[in-house]
file run.csv (CSV, C-alpha atoms)
chain,number,residue,atom,x,y,z
N,1,MET,CA,142.2,59.6,47.6
N,2,GLY,CA,141.7,57.4,44.5
N,3,ARG,CA,139.8,58.8,41.5
N,4,MET,CA,136.8,57.1,39.9
N,5,ALA,CA,137.4,56.8,36.2
N,6,THR,CA,133.7,57.4,35.5
N,7,PHE,CA,130.6,58.0,37.6
N,8,THR,CA,127.0,58.6,37.0
N,9,THR,CA,124.2,60.6,38.5
N,10,ASP,CA,123.1,57.4,40.2
N,11,ASP,CA,126.5,57.4,42.0
N,12,VAL,CA,126.0,61.0,43.1
N,13,ILE,CA,122.5,60.1,44.5
N,14,ALA,CA,123.9,57.0,46.3
N,15,ALA,CA,126.7,59.1,47.8
N,16,GLY,CA,124.4,61.9,48.8
N,17,VAL,CA,121.9,59.6,50.5
N,18,ARG,CA,124.8,58.0,52.5
N,19,ILE,CA,126.0,61.5,53.6
N,20,GLY,CA,122.5,62.6,54.5
N,21,LEU,CA,120.7,65.9,53.9
N,22,ALA,CA,122.0,67.5,57.2
N,23,ASP,CA,125.7,67.2,56.0
N,24,LEU,CA,125.1,67.4,52.2
N,25,THR,CA,127.5,69.6,50.2
N,26,MET,CA,129.1,69.4,46.8
N,27,GLN,CA,132.5,68.9,48.5
N,28,ALA,CA,131.2,66.0,50.6
N,29,VAL,CA,129.8,64.2,47.6
N,30,ALA,CA,133.0,64.8,45.7
N,31,GLU,CA,135.1,63.4,48.6
N,32,ALA,CA,132.8,60.4,48.9
N,33,LEU,CA,133.2,59.6,45.2
N,34,GLY,CA,136.9,60.4,45.1
N,35,VAL,CA,136.5,63.0,42.4
N,36,THR,CA,136.8,66.8,42.2
N,37,THR,CA,133.9,69.1,43.0
N,38,ALA,CA,134.0,70.3,39.4
N,39,ALA,CA,133.4,66.8,38.2
N,40,VAL,CA,130.2,66.6,40.4
N,41,TYR,CA,129.0,69.8,38.8
N,42,ARG,CA,129.1,68.1,35.5
N,43,HIS,CA,126.3,65.9,36.7
N,44,VAL,CA,124.5,68.3,39.0
N,45,ARG,CA,124.3,71.9,37.9
N,46,SER,CA,124.0,73.6,41.3
N,47,ARG,CA,123.9,73.1,45.0
N,48,ALA,CA,120.1,73.6,44.9
N,49,ALA,CA,119.8,70.9,42.3
N,50,LEU,CA,121.9,68.6,44.4
N,51,ASP,CA,119.6,69.3,47.4
N,52,SER,CA,116.5,68.4,45.4
N,53,LEU,CA,118.1,65.3,43.8
N,54,ILE,CA,119.1,63.9,47.2
N,55,GLY,CA,116.1,65.1,49.0
N,56,GLU,CA,113.7,63.4,46.6
N,57,ALA,CA,115.8,60.2,46.8
N,58,VAL,CA,115.5,60.3,50.6
N,59,LEU,CA,111.8,61.0,50.5
N,60,ASP,CA,111.4,58.0,48.3
N,61,GLY,CA,111.8,55.9,51.5
N,62,LEU,CA,108.8,57.6,53.2
N,63,VAL,CA,105.7,55.4,52.8
N,64,LEU,CA,102.6,56.8,54.4
N,65,THR,CA,100.0,54.3,55.6
N,66,ASP,CA,96.3,54.8,56.5
N,67,ASP,CA,93.9,53.2,58.8
N,68,PRO,CA,90.4,53.8,57.2
N,69,ALA,CA,88.8,53.2,60.6
N,70,LEU,CA,90.4,56.3,62.0
N,71,PRO,CA,88.3,59.5,61.9
N,72,THR,CA,89.9,62.5,60.1
N,73,ALA,CA,91.5,64.0,63.2
N,74,GLY,CA,93.0,60.6,64.2
N,75,HIS,CA,94.3,60.2,60.7
N,76,LEU,CA,96.0,63.6,60.7
N,77,VAL,CA,97.7,62.8,64.1
N,78,ARG,CA,98.9,59.5,62.6
N,79,PHE,CA,100.2,61.3,59.6
N,80,ALA,CA,102.1,63.7,61.9
N,81,GLY,CA,103.6,60.8,63.8
N,82,GLN,CA,104.8,59.1,60.6
N,83,LEU,CA,106.3,62.4,59.4
N,84,ARG,CA,108.0,63.0,62.7
N,85,ASP,CA,109.5,59.5,62.8
N,86,PHE,CA,110.8,59.8,59.3
N,87,THR,CA,112.5,63.2,59.9
N,88,ARG,CA,114.0,61.9,63.1
N,89,ALA,CA,115.5,59.0,61.2
N,90,HIS,CA,116.8,61.3,58.4
N,91,PRO,CA,118.3,64.5,59.8
N,92,GLY,CA,117.9,67.4,57.5
N,93,SER,CA,114.8,66.1,55.8
N,94,ALA,CA,112.5,68.2,57.9
N,95,GLU,CA,114.2,71.4,56.8
N,96,TYR,CA,114.2,70.1,53.2
N,97,LEU,CA,110.4,69.6,53.4
N,98,GLN,CA,109.9,72.9,55.2
N,99,ARG,CA,111.6,75.0,52.6
N,100,LEU,CA,109.6,74.0,49.5
N,101,PHE,CA,107.2,71.1,49.0
N,102,PRO,CA,106.7,69.3,46.8
N,103,ARG,CA,109.7,69.7,44.6
N,104,GLY,CA,109.7,66.4,42.7
N,105,ARG,CA,108.2,63.0,42.1
N,106,SER,CA,108.6,61.7,45.7
N,107,GLY,CA,107.0,64.8,47.2
N,108,ILE,CA,104.1,64.7,44.7
N,109,ARG,CA,103.6,61.0,45.5
N,110,LEU,CA,103.2,61.8,49.2
N,111,LEU,CA,100.8,64.7,48.7
N,112,GLU,CA,98.7,62.6,46.3
N,113,GLN,CA,98.6,59.8,48.9
N,114,GLN,CA,97.3,62.3,51.5
N,115,ILE,CA,94.7,63.7,49.2
N,116,GLY,CA,93.6,60.1,48.5
N,117,PHE,CA,93.4,59.2,52.2
N,118,LEU,CA,91.3,62.3,53.0
N,119,ALA,CA,89.1,61.8,49.9
N,120,GLY,CA,87.9,58.6,51.6
N,121,ARG,CA,86.8,60.8,54.5
N,122,GLY,CA,84.8,63.2,52.4
N,123,TYR,CA,87.3,65.9,51.5
N,124,ASP,CA,88.0,67.4,48.1
N,125,PRO,CA,91.6,67.8,46.9
N,126,ALA,CA,91.8,71.5,48.0
N,127,ALA,CA,90.5,70.9,51.5
N,128,ALA,CA,92.7,67.8,51.8
N,129,THR,CA,95.8,69.8,50.8
N,130,VAL,CA,95.0,72.5,53.3
N,131,LEU,CA,94.6,70.1,56.2
N,132,SER,CA,97.7,68.1,55.3
N,133,SER,CA,99.8,71.2,54.8
N,134,ALA,CA,98.7,72.6,58.2
N,135,ILE,CA,99.6,69.5,60.1
N,136,ALA,CA,102.9,69.1,58.2
N,137,THR,CA,103.8,72.7,58.9
N,138,ILE,CA,103.4,72.2,62.7
N,139,THR,CA,105.2,68.8,62.6
N,140,LEU,CA,108.1,70.0,60.6
N,141,GLY,CA,108.5,73.2,62.6
N,142,LEU,CA,108.9,71.2,65.8
N,143,ALA,CA,111.3,68.8,64.0
N,144,VAL,CA,113.5,71.6,62.8
N,145,ALA,CA,113.5,73.2,66.2
N,146,ASP,CA,114.5,69.9,67.8
N,147,GLU,CA,117.4,69.5,65.3
N,148,ALA,CA,118.6,73.0,65.9
N,149,ARG,CA,118.6,72.5,69.7
N,150,ALA,CA,120.5,69.2,69.3
N,151,ALA,CA,123.0,70.8,67.0
N,152,ARG,CA,123.7,73.6,69.5
N,153,ALA,CA,124.1,71.1,72.3
N,154,ARG,CA,126.6,69.2,70.2
N,155,LEU,CA,128.6,72.3,69.3
N,156,ASP,CA,128.7,73.7,72.8
N,157,PRO,CA,127.6,71.2,75.4
N,158,LEU,CA,128.9,73.2,78.3
N,159,GLY,CA,127.2,76.3,77.1
N,160,ASP,CA,123.9,74.4,76.6
N,161,GLU,CA,124.1,73.1,80.1
N,162,GLU,CA,124.8,76.5,81.5
N,163,ALA,CA,121.9,78.0,79.6
N,164,THR,CA,119.6,75.3,80.8
N,165,ARG,CA,120.6,75.8,84.4
N,166,ALA,CA,120.1,79.6,84.1
N,167,ALA,CA,116.6,79.1,82.7
N,168,ARG,CA,115.7,76.8,85.5
N,169,ASP,CA,117.1,79.2,88.1
N,170,ALA,CA,115.1,82.0,86.6
N,171,MET,CA,111.9,80.0,86.7
N,172,ALA,CA,112.6,78.9,90.3
N,173,ALA,CA,112.6,82.6,91.3
N,174,SER,CA,109.0,83.0,90.1
N,175,PRO,CA,106.4,81.6,92.6
N,176,LEU,CA,103.7,81.8,89.9
N,177,ILE,CA,105.7,79.8,87.4
N,178,GLN,CA,106.6,77.2,90.1
N,179,ALA,CA,102.9,76.8,90.9
N,180,ALA,CA,102.1,76.4,87.2
N,181,LEU,CA,104.8,73.7,86.8
N,182,ALA,CA,103.7,71.9,89.9
N,183,GLY,CA,100.3,71.5,88.3
N,184,ILE,CA,101.7,69.8,85.1
N,185,PRO,CA,102.0,66.0,85.5
N,186,PRO,CA,105.2,64.2,84.5
N,187,HIS,CA,105.3,63.9,80.7
N,188,THR,CA,107.7,63.3,77.8
N,189,GLY,CA,108.3,65.1,74.6
N,190,ASP,CA,106.1,62.5,72.9
N,191,ASP,CA,103.3,63.3,75.2
N,192,TYR,CA,103.5,67.0,74.4
N,193,PHE,CA,103.7,66.3,70.7
N,194,ALA,CA,100.5,64.1,70.9
N,195,LEU,CA,98.7,66.8,72.9
N,196,LEU,CA,99.7,69.6,70.4
N,197,LEU,CA,98.9,67.6,67.3
N,198,THR,CA,95.7,66.2,68.6
N,199,SER,CA,94.4,69.6,69.5
N,200,ALA,CA,95.5,71.1,66.2
N,201,ALA,CA,93.9,68.3,64.2
N,202,GLU,CA,90.6,68.5,66.1
N,203,GLY,CA,90.6,72.2,65.7
N,204,LEU,CA,91.3,72.0,61.9
N,205,VAL,CA,88.6,69.4,61.4
N,206,ALA,CA,86.1,71.5,63.3
N,207,HIS,CA,87.0,74.5,61.2
N,208,LEU,CA,87.0,72.6,57.9
N,209,PRO,CA,84.7,69.6,58.2
N,210,PRO,CA,84.2,67.0,55.4
N,211,GLY,CA,82.2,68.3,52.4
N,212,HIS,CA,82.9,71.9,53.0
N,213,PRO,CA,84.9,73.9,50.4
N,214,VAL,CA,88.0,75.9,51.3
N,215,THR,CA,87.0,79.6,51.7
N,216,SER,CA,89.1,82.7,51.8
N,217,PRO,CA,90.5,84.3,53.8
N,218,ALA,CA,89.5,82.0,56.7
N,219,LEU,CA,90.5,78.8,54.8
N,220,GLY,CA,87.5,77.1,56.4
N,221,LYS,CA,83.7,77.4,56.8
N,222,ASP,CA,81.8,80.5,56.0
N,223,HIS,CA,80.7,82.1,59.2
call {"tool": "encode", "arguments": {"input": "run.csv", "output": "structure tokens"}}
result
Amino acid sequence: MGRMATFTTDDVIAAGVRIGLADLTMQAVAEALGVTTAAVYRHVRSRAALDSLIGEAVLDGLVLTDDPALPTAGHLVRFAGQLRDFTRAHPGSAEYLQRLFPRGRSGIRLLEQQIGFLAGRGYDPAAATVLSSAIATITLGLAVADEARAARARLDPLGDEEATRAARDAMAASPLIQAALAGIPPHTGDDYFALLLTSAAEGLVAHLPPGHPVTSPALGKDH
């Protein structure tokens, strides 16, 4: 492995983005640059700092868009879909967003965008932040769970198949569950996501309509 004579923080960022958040380590960056891990530490003081540096660079590629004609609930569902598409395209980004947000300029930009979009629908910054955070929490939780299932399936495909068969056999033994499943029409994961996020968005807007301040502890209307 050849050694780079010199490298910059921008080189670290470029290498980290190529590696991706899901596989990001100091060692992986050092190998990509052809240097020692100690050399990387001279540019990035800790693993957490590397995580933030690369995470913010990845997030820089997320551009939220708004359709002003959509009502608030429709906008929130659209926001969830954009967030879901981005995290699917950038493995590890959902967990990065879930742990602590915002951490830097890219995260702040995204939150400010959402506050601006919801301001146009009659929400003050506090209420806009609560609504956006609630939708993001649901979306990112589903994304992280999907990534974890996919990772388990890759690590142990036979075990995953056996577990799936065992679960299906267990449900087949229950007439009540079989009757319940028979009443559910064919659907995809996207259909389920749309149902869940639409219901959540409509419920949130009903609880916290435009023009109402955020209250505590209910984080919604006074009752």
call {"tool": "closest_residue", "arguments": {"input": "run.csv", "among": "N:Ile184, N:Leu62, N:Leu83, N:Val12", "to": "Val35 (chain N)", "atoms": "all atoms listed in the file"}}
result
N:Val12
call {"tool": "closest_residue", "arguments": {"input": "run.csv", "among": "N:Arg42, N:Arg99, N:Arg18, N:His187", "to": "Thr137 (chain N)", "atoms": "only C-alpha atoms"}}
result
N:Arg99
call {"tool": "closest_residue", "arguments": {"input": "run.csv", "among": "N:Ala73, N:Pro157, N:Gly20, N:Gln113", "to": "Pro91 (chain N)", "atoms": "all atoms listed in the file"}}
result
N:Gly20
call {"tool": "residues_around", "arguments": {"input": "run.csv", "residues": "Val40 (chain N)", "least_positions_apart": "6", "cutoff": "10 Å", "atoms": "all atoms listed in the file", "output": "list in words"}}
result
Phe7, Thr8, Thr9, Val12, Met26, Gln27, Val29, Ala30, Leu33, Ser46 and Leu50 of chain N
call {"tool": "write_last_selection", "arguments": {"input": "run.csv", "atoms": "C-alpha atoms", "output": "PDB file, in the frame of the given file"}}
result
ATOM      1  CA  PHE N   7     130.600  58.000  37.600  1.00  0.00           C
ATOM      2  CA  THR N   8     127.000  58.600  37.000  1.00  0.00           C
ATOM      3  CA  THR N   9     124.200  60.600  38.500  1.00  0.00           C
ATOM      4  CA  VAL N  12     126.000  61.000  43.100  1.00  0.00           C
ATOM      5  CA  MET N  26     129.100  69.400  46.800  1.00  0.00           C
ATOM      6  CA  GLN N  27     132.500  68.900  48.500  1.00  0.00           C
ATOM      7  CA  VAL N  29     129.800  64.200  47.600  1.00  0.00           C
ATOM      8  CA  ALA N  30     133.000  64.800  45.700  1.00  0.00           C
ATOM      9  CA  LEU N  33     133.200  59.600  45.200  1.00  0.00           C
ATOM     10  CA  SER N  46     124.000  73.600  41.300  1.00  0.00           C
ATOM     11  CA  LEU N  50     121.900  68.600  44.400  1.00  0.00           C
TER      12      LEU N  50
END
call {"tool": "atom_distance", "arguments": {"input": "run.csv", "atom1": "CA of Leu158 (chain N)", "atom2": "CA of Asp190 (chain N)"}}
result
25.8 Å
call {"tool": "atom_distance", "arguments": {"input": "run.csv", "atom1": "CA of Gly74 (chain N)", "atom2": "CA of Ser106 (chain N)"}}
result
24.2 Å
call {"tool": "closest_residue", "arguments": {"input": "run.csv", "among": "N:Asp51, N:Glu56, N:Asp23, N:Glu161", "to": "Gly104 (chain N)", "atoms": "only C-alpha atoms"}}
result
N:Glu56
call {"tool": "residues_around", "arguments": {"input": "run.csv", "residues": "region 199-211 of chain N", "least_positions_apart": "4", "cutoff": "10 Å", "atoms": "all atoms listed in the file", "output": "PyMOL selection string"}}
result
chain N and resi 71-77+80+118-124+127-128+130-132+134-135+138+193-195+215+218-222
call {"tool": "atom_distance", "arguments": {"input": "run.csv", "atom1": "CA of Thr87 (chain N)", "atom2": "CA of Asp60 (chain N)"}}
result
12.8 Å
call {"tool": "closest_residue", "arguments": {"input": "run.csv", "among": "N:Leu64, N:Ala15, N:Ala69, N:Ala49", "to": "Gly34 (chain N)", "atoms": "all atoms listed in the file"}}
result
N:Ala15
call {"tool": "residues_near_point", "arguments": {"input": "run.csv", "point": "(109.6, 57.9, 61.7)", "cutoff": "12 Å", "atoms": "all atoms listed in the file", "output": "list in words"}}
result
Leu59, Gly61, Leu62, Val63, Leu64, Thr65, Arg78, Phe79, Ala80, Gly81, Gln82, Leu83, Arg84, Asp85, Phe86, Thr87, Arg88, Ala89, His90, Pro91, Ser93, Ala94, Thr139 and Ala143 of chain N
call {"tool": "closest_residue", "arguments": {"input": "run.csv", "among": "N:Ala28, N:Ala22, N:Leu111, N:Ala57", "to": "Glu147 (chain N)", "atoms": "all atoms listed in the file"}}
result
N:Ala22
call {"tool": "build_atoms", "arguments": {"input": "run.csv", "residues": "region 182-208 of chain N", "atoms": "N, CA, C and O atoms", "output": "PDB file, keeping the file's coordinate frame"}}
result
ATOM      1  N   ALA N 182     104.084  72.931  88.952  1.00  0.00           N
ATOM      2  CA  ALA N 182     103.700  71.900  89.900  1.00  0.00           C
ATOM      3  C   ALA N 182     102.350  71.247  89.466  1.00  0.00           C
ATOM      4  O   ALA N 182     102.070  70.096  89.823  1.00  0.00           O
ATOM      5  N   GLY N 183     101.552  71.981  88.710  1.00  0.00           N
ATOM      6  CA  GLY N 183     100.300  71.500  88.300  1.00  0.00           C
ATOM      7  C   GLY N 183     100.339  70.648  86.999  1.00  0.00           C
ATOM      8  O   GLY N 183      99.323  70.103  86.540  1.00  0.00           O
ATOM      9  N   ILE N 184     101.517  70.560  86.379  1.00  0.00           N
ATOM     10  CA  ILE N 184     101.700  69.800  85.100  1.00  0.00           C
ATOM     11  C   ILE N 184     102.227  68.410  85.502  1.00  0.00           C
ATOM     12  O   ILE N 184     103.306  68.307  86.099  1.00  0.00           O
ATOM     13  N   PRO N 185     101.502  67.351  85.171  1.00  0.00           N
ATOM     14  CA  PRO N 185     102.000  66.000  85.500  1.00  0.00           C
ATOM     15  C   PRO N 185     103.230  65.634  84.739  1.00  0.00           C
ATOM     16  O   PRO N 185     103.529  66.240  83.706  1.00  0.00           O
ATOM     17  N   PRO N 186     103.981  64.655  85.221  1.00  0.00           N
ATOM     18  CA  PRO N 186     105.200  64.200  84.500  1.00  0.00           C
ATOM     19  C   PRO N 186     104.787  63.816  83.049  1.00  0.00           C
ATOM     20  O   PRO N 186     103.755  63.164  82.825  1.00  0.00           O
ATOM     21  N   HIS N 187     105.606  64.232  82.099  1.00  0.00           N
ATOM     22  CA  HIS N 187     105.300  63.900  80.700  1.00  0.00           C
ATOM     23  C   HIS N 187     106.595  63.923  79.896  1.00  0.00           C
ATOM     24  O   HIS N 187     107.631  64.411  80.347  1.00  0.00           O
ATOM     25  N   THR N 188     106.512  63.381  78.715  1.00  0.00           N
ATOM     26  CA  THR N 188     107.700  63.300  77.800  1.00  0.00           C
ATOM     27  C   THR N 188     107.415  64.230  76.615  1.00  0.00           C
ATOM     28  O   THR N 188     106.318  64.764  76.427  1.00  0.00           O
ATOM     29  N   GLY N 189     108.441  64.361  75.795  1.00  0.00           N
ATOM     30  CA  GLY N 189     108.300  65.100  74.600  1.00  0.00           C
ATOM     31  C   GLY N 189     107.249  64.511  73.651  1.00  0.00           C
ATOM     32  O   GLY N 189     106.520  65.219  72.948  1.00  0.00           O
ATOM     33  N   ASP N 190     107.151  63.187  73.678  1.00  0.00           N
ATOM     34  CA  ASP N 190     106.100  62.500  72.900  1.00  0.00           C
ATOM     35  C   ASP N 190     104.738  62.842  73.347  1.00  0.00           C
ATOM     36  O   ASP N 190     103.815  62.998  72.538  1.00  0.00           O
ATOM     37  N   ASP N 191     104.567  62.932  74.660  1.00  0.00           N
ATOM     38  CA  ASP N 191     103.300  63.300  75.200  1.00  0.00           C
ATOM     39  C   ASP N 191     102.868  64.704  74.758  1.00  0.00           C
ATOM     40  O   ASP N 191     101.716  64.948  74.384  1.00  0.00           O
ATOM     41  N   TYR N 192     103.819  65.626  74.820  1.00  0.00           N
ATOM     42  CA  TYR N 192     103.500  67.000  74.400  1.00  0.00           C
ATOM     43  C   TYR N 192     103.205  67.063  72.923  1.00  0.00           C
ATOM     44  O   TYR N 192     102.274  67.768  72.516  1.00  0.00           O
ATOM     45  N   PHE N 193     103.944  66.310  72.128  1.00  0.00           N
ATOM     46  CA  PHE N 193     103.700  66.300  70.700  1.00  0.00           C
ATOM     47  C   PHE N 193     102.271  65.766  70.422  1.00  0.00           C
ATOM     48  O   PHE N 193     101.532  66.333  69.600  1.00  0.00           O
ATOM     49  N   ALA N 194     101.880  64.690  71.109  1.00  0.00           N
ATOM     50  CA  ALA N 194     100.500  64.100  70.900  1.00  0.00           C
ATOM     51  C   ALA N 194      99.466  65.132  71.316  1.00  0.00           C
ATOM     52  O   ALA N 194      98.455  65.283  70.619  1.00  0.00           O
ATOM     53  N   LEU N 195      99.660  65.831  72.421  1.00  0.00           N
ATOM     54  CA  LEU N 195      98.700  66.800  72.900  1.00  0.00           C
ATOM     55  C   LEU N 195      98.562  67.953  71.827  1.00  0.00           C
ATOM     56  O   LEU N 195      97.448  68.335  71.433  1.00  0.00           O
ATOM     57  N   LEU N 196      99.692  68.476  71.382  1.00  0.00           N
ATOM     58  CA  LEU N 196      99.700  69.600  70.400  1.00  0.00           C
ATOM     59  C   LEU N 196      99.044  69.195  69.116  1.00  0.00           C
ATOM     60  O   LEU N 196      98.174  69.905  68.588  1.00  0.00           O
ATOM     61  N   LEU N 197      99.446  68.053  68.569  1.00  0.00           N
ATOM     62  CA  LEU N 197      98.900  67.600  67.300  1.00  0.00           C
ATOM     63  C   LEU N 197      97.494  67.192  67.318  1.00  0.00           C
ATOM     64  O   LEU N 197      96.720  67.430  66.376  1.00  0.00           O
ATOM     65  N   THR N 198      97.093  66.551  68.415  1.00  0.00           N
ATOM     66  CA  THR N 198      95.700  66.200  68.600  1.00  0.00           C
ATOM     67  C   THR N 198      94.804  67.396  68.630  1.00  0.00           C
ATOM     68  O   THR N 198      93.759  67.472  67.969  1.00  0.00           O
ATOM     69  N   SER N 199      95.222  68.376  69.413  1.00  0.00           N
ATOM     70  CA  SER N 199      94.400  69.600  69.500  1.00  0.00           C
ATOM     71  C   SER N 199      94.365  70.339  68.197  1.00  0.00           C
ATOM     72  O   SER N 199      93.300  70.840  67.801  1.00  0.00           O
ATOM     73  N   ALA N 200      95.502  70.402  67.501  1.00  0.00           N
ATOM     74  CA  ALA N 200      95.500  71.100  66.200  1.00  0.00           C
ATOM     75  C   ALA N 200      94.634  70.358  65.199  1.00  0.00           C
ATOM     76  O   ALA N 200      93.860  70.988  64.467  1.00  0.00           O
ATOM     77  N   ALA N 201      94.721  69.031  65.151  1.00  0.00           N
ATOM     78  CA  ALA N 201      93.900  68.300  64.200  1.00  0.00           C
ATOM     79  C   ALA N 201      92.434  68.408  64.469  1.00  0.00           C
ATOM     80  O   ALA N 201      91.633  68.614  63.542  1.00  0.00           O
ATOM     81  N   GLU N 202      92.062  68.331  65.735  1.00  0.00           N
ATOM     82  CA  GLU N 202      90.600  68.500  66.100  1.00  0.00           C
ATOM     83  C   GLU N 202      90.128  69.862  65.742  1.00  0.00           C
ATOM     84  O   GLU N 202      89.006  70.023  65.250  1.00  0.00           O
ATOM     85  N   GLY N 203      90.959  70.866  65.994  1.00  0.00           N
ATOM     86  CA  GLY N 203      90.600  72.200  65.700  1.00  0.00           C
ATOM     87  C   GLY N 203      90.423  72.446  64.166  1.00  0.00           C
ATOM     88  O   GLY N 203      89.481  73.100  63.693  1.00  0.00           O
ATOM     89  N   LEU N 204      91.336  71.884  63.400  1.00  0.00           N
ATOM     90  CA  LEU N 204      91.300  72.000  61.900  1.00  0.00           C
ATOM     91  C   LEU N 204      90.040  71.341  61.371  1.00  0.00           C
ATOM     92  O   LEU N 204      89.377  71.889  60.484  1.00  0.00           O
ATOM     93  N   VAL N 205      89.732  70.157  61.877  1.00  0.00           N
ATOM     94  CA  VAL N 205      88.600  69.400  61.400  1.00  0.00           C
ATOM     95  C   VAL N 205      87.276  70.165  61.755  1.00  0.00           C
ATOM     96  O   VAL N 205      86.322  70.217  60.964  1.00  0.00           O
ATOM     97  N   ALA N 206      87.255  70.758  62.951  1.00  0.00           N
ATOM     98  CA  ALA N 206      86.100  71.500  63.300  1.00  0.00           C
ATOM     99  C   ALA N 206      85.901  72.747  62.446  1.00  0.00           C
ATOM    100  O   ALA N 206      84.772  73.146  62.124  1.00  0.00           O
ATOM    101  N   HIS N 207      87.005  73.336  62.037  1.00  0.00           N
ATOM    102  CA  HIS N 207      87.000  74.500  61.200  1.00  0.00           C
ATOM    103  C   HIS N 207      86.701  74.166  59.729  1.00  0.00           C
ATOM    104  O   HIS N 207      86.071  74.943  58.995  1.00  0.00           O
ATOM    105  N   LEU N 208      87.175  72.997  59.315  1.00  0.00           N
ATOM    106  CA  LEU N 208      87.000  72.600  57.900  1.00  0.00           C
ATOM    107  C   LEU N 208      86.533  71.124  57.900  1.00  0.00           C
ATOM    108  O   LEU N 208      87.288  70.194  57.673  1.00  0.00           O
TER     109      LEU N 208
END
